[in-house]
$ cat protein17.txt   # compact mmCIF, C-alpha atoms
# COMPACT_ATOMS: atom_id res chain seq x y z
CA LEU S 29 6.53 39.92 12.31
CA ALA S 30 5.08 36.55 11.27
CA LYS S 31 5.20 37.52 7.60
CA ARG S 32 8.88 38.44 7.96
CA ARG S 33 9.60 35.12 9.61
CA ILE S 34 7.85 33.32 6.76
CA LEU S 35 9.93 35.27 4.23
CA LEU S 36 13.09 34.34 6.13
CA LEU S 37 12.10 30.67 6.13
CA SER S 38 11.36 30.95 2.42
CA ALA S 39 14.87 32.29 1.81
CA LEU S 40 16.35 29.39 3.79
CA TYR S 41 14.16 26.98 1.80
CA ASN S 42 15.64 28.28 -1.47
CA LEU S 43 19.16 27.76 -0.12
CA ARG S 44 18.66 24.17 1.03
CA ARG S 45 19.15 21.14 -1.19
CA ASP S 46 18.18 18.38 1.22
CA GLY S 47 14.55 17.38 0.66
CA THR S 48 13.79 16.59 4.29
CA GLU S 49 15.11 20.00 5.36
CA LYS S 50 12.96 21.67 2.71
CA CYS S 51 9.95 19.71 3.96
CA LYS S 52 10.52 20.89 7.54
CA LEU S 53 10.88 24.50 6.42
CA VAL S 54 7.63 24.35 4.43
CA THR S 55 5.94 22.83 7.49
CA SER S 56 7.14 25.73 9.64
CA MET S 57 5.89 28.23 7.05
CA ILE S 58 2.46 26.59 6.92
CA THR S 59 2.21 26.53 10.72
CA LEU S 60 3.15 30.22 10.98
CA ALA S 61 0.79 31.21 8.19
CA ALA S 62 -2.09 29.27 9.74
CA ALA S 63 -1.60 31.05 13.06
CA HIS S 64 -0.91 34.58 11.82
CA GLN S 65 -1.44 34.91 8.05
CA PRO S 66 -4.19 32.42 7.06
CA ALA S 67 -4.84 34.25 3.78
CA MET S 68 -1.46 32.97 2.57
CA LEU S 69 -2.89 29.43 2.65
CA ALA S 70 -5.96 30.23 0.56
CA GLU S 71 -6.23 28.39 -2.74
CA GLY S 72 -4.04 30.03 -5.37
CA LYS S 73 -2.48 32.44 -2.86
CA GLY S 74 1.13 32.30 -1.66
CA LEU S 75 1.75 29.06 0.19
CA GLY S 76 -1.74 27.98 -0.80
CA LYS S 77 -0.48 27.31 -4.32
CA LEU S 78 1.76 24.56 -2.96
CA LEU S 79 -1.25 22.94 -1.31
CA THR S 80 -3.43 23.08 -4.40
CA GLU S 81 -3.87 20.36 -6.98
CA ASP S 82 -2.60 21.44 -10.40
CA ASP S 83 -4.50 19.69 -13.18
CA SER S 84 -3.51 22.05 -15.99
CA SER S 85 -2.34 20.49 -19.22
CA ASN S 86 1.01 22.24 -18.93
CA SER S 87 1.66 21.04 -15.40
CA SER S 88 4.28 18.46 -14.50
CA VAL S 89 2.16 17.55 -11.46
CA GLY S 90 -0.01 14.45 -11.78
CA ASP S 91 -3.79 14.73 -11.86
CA GLY S 92 -5.27 15.20 -8.41
CA VAL S 93 -1.89 15.61 -6.69
CA PRO S 94 -1.14 18.72 -4.62
CA GLN S 95 1.99 20.44 -5.91
CA ILE S 96 3.83 19.98 -2.61
CA VAL S 97 3.35 16.20 -2.86
CA ALA S 98 5.01 16.17 -6.29
CA PHE S 99 7.93 18.11 -4.78
CA LEU S 100 8.21 15.69 -1.84
CA ASP S 101 8.28 12.79 -4.29
CA GLY S 102 10.99 14.50 -6.32
CA TRP S 103 13.04 15.12 -3.17
CA ASN S 104 12.59 11.47 -2.07
CA VAL S 105 11.31 12.53 1.35
CA PRO S 106 10.37 9.44 3.44
CA SER S 107 6.72 9.02 4.38
CA SER S 108 7.42 9.47 8.09
CA ASP S 109 9.07 12.85 7.44
CA ARG S 110 6.02 14.10 5.50
CA ARG S 111 3.55 13.67 8.33
CA GLY S 112 4.25 16.97 10.05
CA LEU S 113 3.64 18.84 6.81
CA PHE S 114 0.42 16.94 6.03
CA ARG S 115 -0.82 17.50 9.59
CA ALA S 116 -0.01 21.22 9.44
CA ALA S 117 -1.78 21.56 6.09
CA ALA S 118 -4.87 19.62 7.20
CA SER S 119 -5.28 21.70 10.35
CA GLY S 120 -4.20 25.03 8.85
CA ILE S 121 -6.04 25.34 5.53
CA PRO S 122 -8.69 28.00 6.18
CA ASP S 123 -11.07 27.83 3.25
CA SER S 124 -11.76 24.31 2.03
CA VAL S 125 -13.15 21.22 3.74
CA VAL S 126 -12.18 19.23 0.64
CA ARG S 127 -8.51 20.31 0.77
CA LYS S 128 -8.41 19.59 4.52
CA GLN S 129 -9.73 16.09 3.84
CA ARG S 130 -7.21 15.59 1.04
CA PHE S 131 -4.27 16.26 3.36
CA THR S 132 -5.82 14.22 6.15
CA LEU S 133 -5.97 11.30 3.73
CA LEU S 134 -2.33 11.84 2.77
CA LEU S 135 -1.42 11.83 6.46
CA VAL S 136 -3.28 8.58 7.08
CA GLU S 137 -1.77 7.03 3.95
CA SER S 138 1.75 7.82 5.22
CA TYR S 139 1.37 5.08 7.85
CA THR S 140 2.25 2.24 5.52
CA GLU S 141 2.66 -0.54 8.10
CA ALA S 142 0.47 -1.62 11.01
CA SER S 143 3.50 -1.36 13.31
CA GLN S 144 3.70 2.38 12.57
CA VAL S 145 0.15 3.10 13.71
CA ASP S 146 0.20 5.16 16.91
CA GLU S 147 -2.24 7.46 18.70
CA ASP S 148 -1.65 10.25 16.18
CA ALA S 149 -2.41 7.84 13.35
CA ILE S 150 -5.67 6.77 15.00
CA THR S 151 -6.71 10.39 15.47
CA ALA S 152 -6.01 11.16 11.82
CA ALA S 153 -7.79 7.97 10.71
CA LYS S 154 -10.91 8.97 12.68
CA GLU S 155 -10.92 12.41 11.06
CA ALA S 156 -10.42 10.91 7.60
CA ALA S 157 -13.15 8.31 8.12
CA ILE S 158 -15.69 10.90 9.28
CA GLY S 159 -14.71 13.17 6.39
CA ALA S 160 -15.18 10.34 3.89
CA ILE S 161 -18.61 9.55 5.29
CA ARG S 162 -19.63 13.21 5.35
CA ASP S 163 -18.72 13.59 1.67
CA PRO S 164 -18.05 10.29 -0.12
CA ILE S 165 -18.52 11.83 -3.56
CA THR S 166 -16.12 14.76 -4.09
CA LEU S 167 -12.95 12.79 -3.28
CA PHE S 168 -14.33 9.42 -4.38
CA VAL S 169 -11.18 8.43 -6.30
CA HIS S 170 -8.86 9.33 -3.42
CA GLN S 171 -11.05 7.68 -0.78
CA ARG S 172 -12.02 4.46 -2.51
CA ASN S 173 -9.02 2.47 -1.16
CA MET S 174 -9.24 3.76 2.42
CA LEU S 175 -10.14 0.40 3.90
CA ALA S 176 -6.74 -0.95 2.87
CA MET S 177 -4.84 1.69 4.87
CA PRO S 178 -3.32 0.25 8.09
CA ALA S 179 -4.41 3.23 10.21
CA ILE S 180 -8.01 2.85 8.98
CA GLN S 181 -7.92 -0.90 9.60
CA ALA S 182 -6.78 -0.19 13.16
CA LEU S 183 -10.11 1.55 13.82
CA ALA S 184 -11.84 -1.83 13.59
CA ASN S 185 -9.69 -3.19 16.44
CA ASN S 186 -10.46 -0.35 18.85
CA ALA S 187 -13.66 -0.50 20.90
CA ALA S 188 -14.03 3.29 20.73
CA THR S 189 -13.82 3.40 16.92
CA LYS S 190 -15.19 0.01 15.87
CA THR S 191 -18.62 1.45 15.05
CA LEU S 192 -17.07 4.24 12.98
CA HIS S 193 -15.11 1.68 10.96
CA ALA S 194 -18.29 -0.35 10.38
CA LEU S 195 -20.07 2.75 9.08
CA LEU S 196 -17.14 3.64 6.82
CA ASP S 197 -17.16 0.09 5.46
CA ILE S 198 -20.82 0.54 4.46
CA PHE S 199 -20.11 3.85 2.72
CA GLN S 200 -17.20 2.24 0.90
CA GLU S 201 -18.77 -1.06 -0.12
CA GLY S 202 -22.39 -1.29 1.03
CA LYS S 203 -25.83 -0.14 -0.05
CA LEU S 204 -28.73 1.67 1.57
CA GLU S 205 -30.08 -1.59 3.01
CA GLU S 206 -26.85 -2.16 4.95
CA TYR S 207 -26.88 1.46 6.13
CA ASN S 208 -30.40 1.15 7.50
CA ALA S 209 -29.47 -2.12 9.21
CA PHE S 210 -26.51 -0.31 10.80
CA LEU S 211 -28.82 2.40 12.15
CA LYS S 212 -31.24 -0.18 13.54
CA LYS S 213 -28.41 -1.98 15.32
CA ASN S 214 -26.76 1.16 16.71
CA GLY S 215 -29.60 3.30 18.02
CA GLY S 216 -30.91 5.02 14.91
CA ASP S 217 -29.91 8.47 13.68
CA LYS S 218 -28.11 9.17 16.96
CA ALA S 219 -25.31 6.89 15.77
CA VAL S 220 -24.41 9.29 12.97
CA LYS S 221 -25.31 12.46 14.84
CA ASP S 222 -22.80 11.53 17.54
CA LEU S 223 -20.12 11.62 14.83
CA GLY S 224 -21.16 15.11 13.76
CA LEU S 225 -22.91 13.82 10.66
CA ASP S 226 -26.29 14.77 9.21
CA PRO S 227 -28.66 11.77 8.87
CA VAL S 228 -30.52 13.24 5.88
CA THR S 229 -27.28 13.87 3.98
CA CYS S 230 -26.04 10.37 4.83
CA VAL S 231 -29.16 8.81 3.33
CA ARG S 232 -28.87 10.96 0.20
CA HIS S 233 -25.26 9.93 -0.29
CA MET S 234 -26.04 6.26 0.35
CA ARG S 235 -28.70 6.38 -2.36
CA ILE S 236 -26.16 7.82 -4.82
CA LEU S 237 -23.55 5.21 -3.86
CA SER S 238 -26.13 2.42 -4.06
CA LEU S 239 -27.12 3.51 -7.55
CA CYS S 240 -23.45 3.53 -8.58
CA SER S 241 -23.07 0.00 -7.23
CA LEU S 242 -26.09 -1.14 -9.21
CA ALA S 243 -24.65 0.40 -12.38
CA ALA S 244 -21.43 -1.56 -11.83
CA GLU S 245 -23.34 -4.79 -11.28
CA HIS S 246 -25.82 -4.60 -14.17
CA GLU S 247 -25.67 -3.64 -17.83
CA GLU S 248 -29.35 -2.75 -17.64
CA ILE S 249 -31.05 -2.02 -14.34
CA PRO S 250 -34.78 -2.82 -14.06
CA TYR S 251 -36.77 -0.05 -12.38
CA GLY S 252 -37.98 -2.51 -9.76
CA THR S 253 -34.38 -3.22 -8.73
CA VAL S 254 -33.65 0.51 -8.50
CA ALA S 255 -36.76 1.17 -6.46
CA LYS S 256 -36.03 -1.70 -4.07
CA THR S 257 -32.34 -0.80 -3.61
CA LEU S 258 -33.02 2.91 -3.08
CA GLN S 259 -36.15 2.17 -1.04
CA LEU S 260 -38.30 4.51 -3.13

$ encode --input "protein17.txt" --output "C-alpha cells"
Amino acid sequence: LAKRRILLLSALYNLRRDGTEKCKLVTSMITLAAAHQPAMLAEGKGLGKLLTEDDSSNSSVGDGVPQIVAFLDGWNVPSSDRRGLFRAAASGIPDSVVRKQRFTLLLVESYTEASQVDEDAITAAKEAAIGAIRDPITLFVHQRNMLAMPAIQALANNAATKTLHALLDIFQEGKLEEYNAFLKKNGGDKAVKDLGLDPVTCVRHMRILSLCSLAAEHEEIPYGTVAKTLQL
C-alpha cells in the first residue's frame, strides 16, 4: 500500500510545475518510504538517488551537493520551504550517518537569520553540533563554517547548550590543549560521554585537527612543536 502511495505521489510530482509543490511531494515520499519502504532511501536506490551527492564528471550537480538540493535551487524554493524535506531526509535515511549529518547541516543552514531560530532550529543545531564533533573529518568542508550559522550561534546563548557550543568551537578552531582544558573545567570525560561521544575518538580527532592547524600556521614544523601540540 505504501509503495502504491509513493508511486501516486511520484506521478503527481511529474505533473506539477511549482517548485514548492514538488518539494512537498518529495517530502511526503521520503516520509512514507522511511516508515514503510526504507530500502528506497538507500544510496543509489529509488528516492535515495535524490539524496545522494553526484560528483560524476558528467553531472550538472555541483561537487558535494545532493541532487535534490540542485533541484530545489533550480525551482527557486525558499529556504523555509525546504526544511520539512531536509528534516525528513535527516531522520529517514537508513544507511549512512554521514548522509544524515549532511541533511541535518542543510536544515540548520536554512535558518539564515537569528529571528528565524525556533525550538526546531535549536534541536537541529544540537544534532548537527554533536555530529560535527563525533566526526569532524569526513564532512570537514561542509562543517567548517558552522559557527557562523545563526542556529549554531544560538546554542551559545542557551544555558542547556552553552557547553556543547564551547566544545564545538574547540573542534572548529582549537587544538588539543584547549580540548584538555575544556575537559578539566567540565568534569573530565563525562562531559563528552553525556553527549553520546567517545572520549578516545575525540582525542584522536583533536590530534588530527591540531596537526592540520600546525600545518596551516608553519611552512616547516619542528618535531618539538608537533610533540608539544599533540602531547606525545

$ residues_around --input "protein17.txt" --residues "stretch 196-202 of chain S" --least-positions-apart "5" --cutoff "9 Å" --atoms "all atoms listed in the file" --output "VMD selection string"
chain S and resid 157 to 158 160 to 161 164 171 to 175 191 207 210 233 to 234 237 to 238 241

$ closest_residue --input "protein17.txt" --among "S:Lys31, S:Arg127, S:Lys50, S:His193" --to "S:Ala153" --atoms "all atoms listed in the file"
S:His193

$ residues_near_point --input "protein17.txt" --point "(-5.7, 2.8, 12.8)" --cutoff "6 Å" --atoms "all atoms listed in the file" --output "number ranges by chain"
S: 145, 150, 153, 178-183

$ write_last_selection --input "protein17.txt" --atoms "C-alpha atoms" --output "PDB file, keeping the file's coordinate frame"
ATOM      1  CA  VAL S 145       0.150   3.100  13.710  1.00  0.00           C
ATOM      2  CA  ILE S 150      -5.670   6.770  15.000  1.00  0.00           C
ATOM      3  CA  ALA S 153      -7.790   7.970  10.710  1.00  0.00           C
ATOM      4  CA  PRO S 178      -3.320   0.250   8.090  1.00  0.00           C
ATOM      5  CA  ALA S 179      -4.410   3.230  10.210  1.00  0.00           C
ATOM      6  CA  ILE S 180      -8.010   2.850   8.980  1.00  0.00           C
ATOM      7  CA  GLN S 181      -7.920  -0.900   9.600  1.00  0.00           C
ATOM      8  CA  ALA S 182      -6.780  -0.190  13.160  1.00  0.00           C
ATOM      9  CA  LEU S 183     -10.110   1.550  13.820  1.00  0.00           C
TER      10      LEU S 183
END

$ residues_around --input "protein17.txt" --residues "stretch 98-110 of chain S" --least-positions-apart "3" --cutoff "8 Å" --atoms "only C-alpha atoms" --output "PyMOL selection string"
chain S and resi 46-48+51+89-90+93-95+113-114+135+138-139

$ closest_residue --input "protein17.txt" --among "S:Lys77, S:Arg32, S:Ile96, S:Leu53" --to "S:Gln65" --atoms "only C-alpha atoms"
S:Arg32

$ atom_distance --input "protein17.txt" --atom1 "atom CA of S:Ser38" --atom2 "atom CA of S:Ala61"
12.0 Å

$ decode --input "protein17.txt" --residues "stretch 179-255 of chain S" --atoms "C-alpha atoms" --output "mmCIF file, in the first residue's frame"
data_model
loop_
_atom_site.group_PDB
_atom_site.id
_atom_site.type_symbol
_atom_site.label_atom_id
_atom_site.label_comp_id
_atom_site.auth_asym_id
_atom_site.auth_seq_id
_atom_site.Cartn_x
_atom_site.Cartn_y
_atom_site.Cartn_z
ATOM 1 C CA ALA S 179 21.064 28.408 14.811
ATOM 2 C CA ILE S 180 24.520 27.231 15.936
ATOM 3 C CA GLN S 181 25.293 30.633 17.435
ATOM 4 C CA ALA S 182 22.048 30.398 19.404
ATOM 5 C CA LEU S 183 23.455 27.375 21.259
ATOM 6 C CA ALA S 184 25.928 29.685 22.992
ATOM 7 C CA ASN S 185 23.075 31.763 24.433
ATOM 8 C CA ASN S 186 21.208 28.808 25.946
ATOM 9 C CA ALA S 187 22.274 27.512 29.350
ATOM 10 C CA ALA S 188 21.414 23.942 28.342
ATOM 11 C CA THR S 189 23.583 24.023 25.208
ATOM 12 C CA LYS S 190 26.315 26.518 26.096
ATOM 13 C CA THR S 191 28.810 23.762 26.932
ATOM 14 C CA LEU S 192 28.070 21.962 23.659
ATOM 15 C CA HIS S 193 28.756 25.171 21.728
ATOM 16 C CA ALA S 194 32.047 25.640 23.593
ATOM 17 C CA LEU S 195 33.114 22.111 22.666
ATOM 18 C CA LEU S 196 32.127 22.623 19.027
ATOM 19 C CA ASP S 197 34.140 25.849 18.987
ATOM 20 C CA ILE S 198 37.229 23.891 20.088
ATOM 21 C CA PHE S 199 36.716 21.256 17.382
ATOM 22 C CA GLN S 200 36.288 24.014 14.809
ATOM 23 C CA GLU S 201 39.116 26.330 15.810
ATOM 24 C CA GLY S 202 41.069 24.944 18.775
ATOM 25 C CA LYS S 203 43.822 22.454 19.487
ATOM 26 C CA LEU S 204 44.307 19.531 21.838
ATOM 27 C CA GLU S 205 45.442 21.850 24.637
ATOM 28 C CA GLU S 206 42.112 23.710 24.551
ATOM 29 C CA TYR S 207 40.233 20.401 24.462
ATOM 30 C CA ASN S 208 42.000 19.129 27.558
ATOM 31 C CA ALA S 209 41.337 22.440 29.325
ATOM 32 C CA PHE S 210 37.649 22.047 28.434
ATOM 33 C CA LEU S 211 37.585 18.569 29.991
ATOM 34 C CA LYS S 212 39.299 19.816 33.146
ATOM 35 C CA LYS S 213 36.759 22.620 33.506
ATOM 36 C CA ASN S 214 33.699 20.467 32.791
ATOM 37 C CA GLY S 215 34.223 17.278 34.774
ATOM 38 C CA GLY S 216 36.526 15.232 32.559
ATOM 39 C CA ASP S 217 35.445 12.587 30.064
ATOM 40 C CA LYS S 218 31.906 12.651 31.446
ATOM 41 C CA ALA S 219 31.376 15.951 29.628
ATOM 42 C CA VAL S 220 31.685 14.246 26.245
ATOM 43 C CA LYS S 221 30.145 10.944 27.305
ATOM 44 C CA ASP S 222 26.982 12.801 28.313
ATOM 45 C CA LEU S 223 26.709 13.947 24.682
ATOM 46 C CA GLY S 224 26.976 10.373 23.428
ATOM 47 C CA LEU S 225 30.569 10.866 22.319
ATOM 48 C CA ASP S 226 33.570 8.581 22.770
ATOM 49 C CA PRO S 227 36.451 10.276 24.657
ATOM 50 C CA VAL S 228 39.156 8.220 22.910
ATOM 51 C CA THR S 229 37.805 9.096 19.458
ATOM 52 C CA CYS S 230 37.529 12.762 20.441
ATOM 53 C CA VAL S 231 41.207 12.866 21.422
ATOM 54 C CA ARG S 232 42.230 11.132 18.190
ATOM 55 C CA HIS S 233 40.286 13.629 16.113
ATOM 56 C CA MET S 234 41.641 16.578 18.094
ATOM 57 C CA ARG S 235 45.181 15.393 17.391
ATOM 58 C CA ILE S 236 44.420 15.250 13.652
ATOM 59 C CA LEU S 237 42.805 18.709 13.718
ATOM 60 C CA SER S 238 45.680 20.117 15.776
ATOM 61 C CA LEU S 239 48.195 18.790 13.263
ATOM 62 C CA CYS S 240 46.201 20.385 10.433
ATOM 63 C CA SER S 241 46.244 23.696 12.297
ATOM 64 C CA LEU S 242 50.002 23.471 12.722
ATOM 65 C CA ALA S 243 50.432 22.785 9.004
ATOM 66 C CA ALA S 244 48.424 25.927 8.224
ATOM 67 C CA GLU S 245 50.497 28.007 10.624
ATOM 68 C CA HIS S 246 54.002 26.829 9.667
ATOM 69 C CA GLU S 247 55.843 26.122 6.429
ATOM 70 C CA GLU S 248 58.071 23.726 8.357
ATOM 71 C CA ILE S 249 57.004 22.249 11.674
ATOM 72 C CA PRO S 250 59.755 21.351 14.168
ATOM 73 C CA TYR S 251 59.246 17.959 15.790
ATOM 74 C CA GLY S 252 59.283 19.586 19.214
ATOM 75 C CA THR S 253 56.310 21.751 18.249
ATOM 76 C CA VAL S 254 54.432 18.703 16.971
ATOM 77 C CA ALA S 255 55.180 16.711 20.090
#
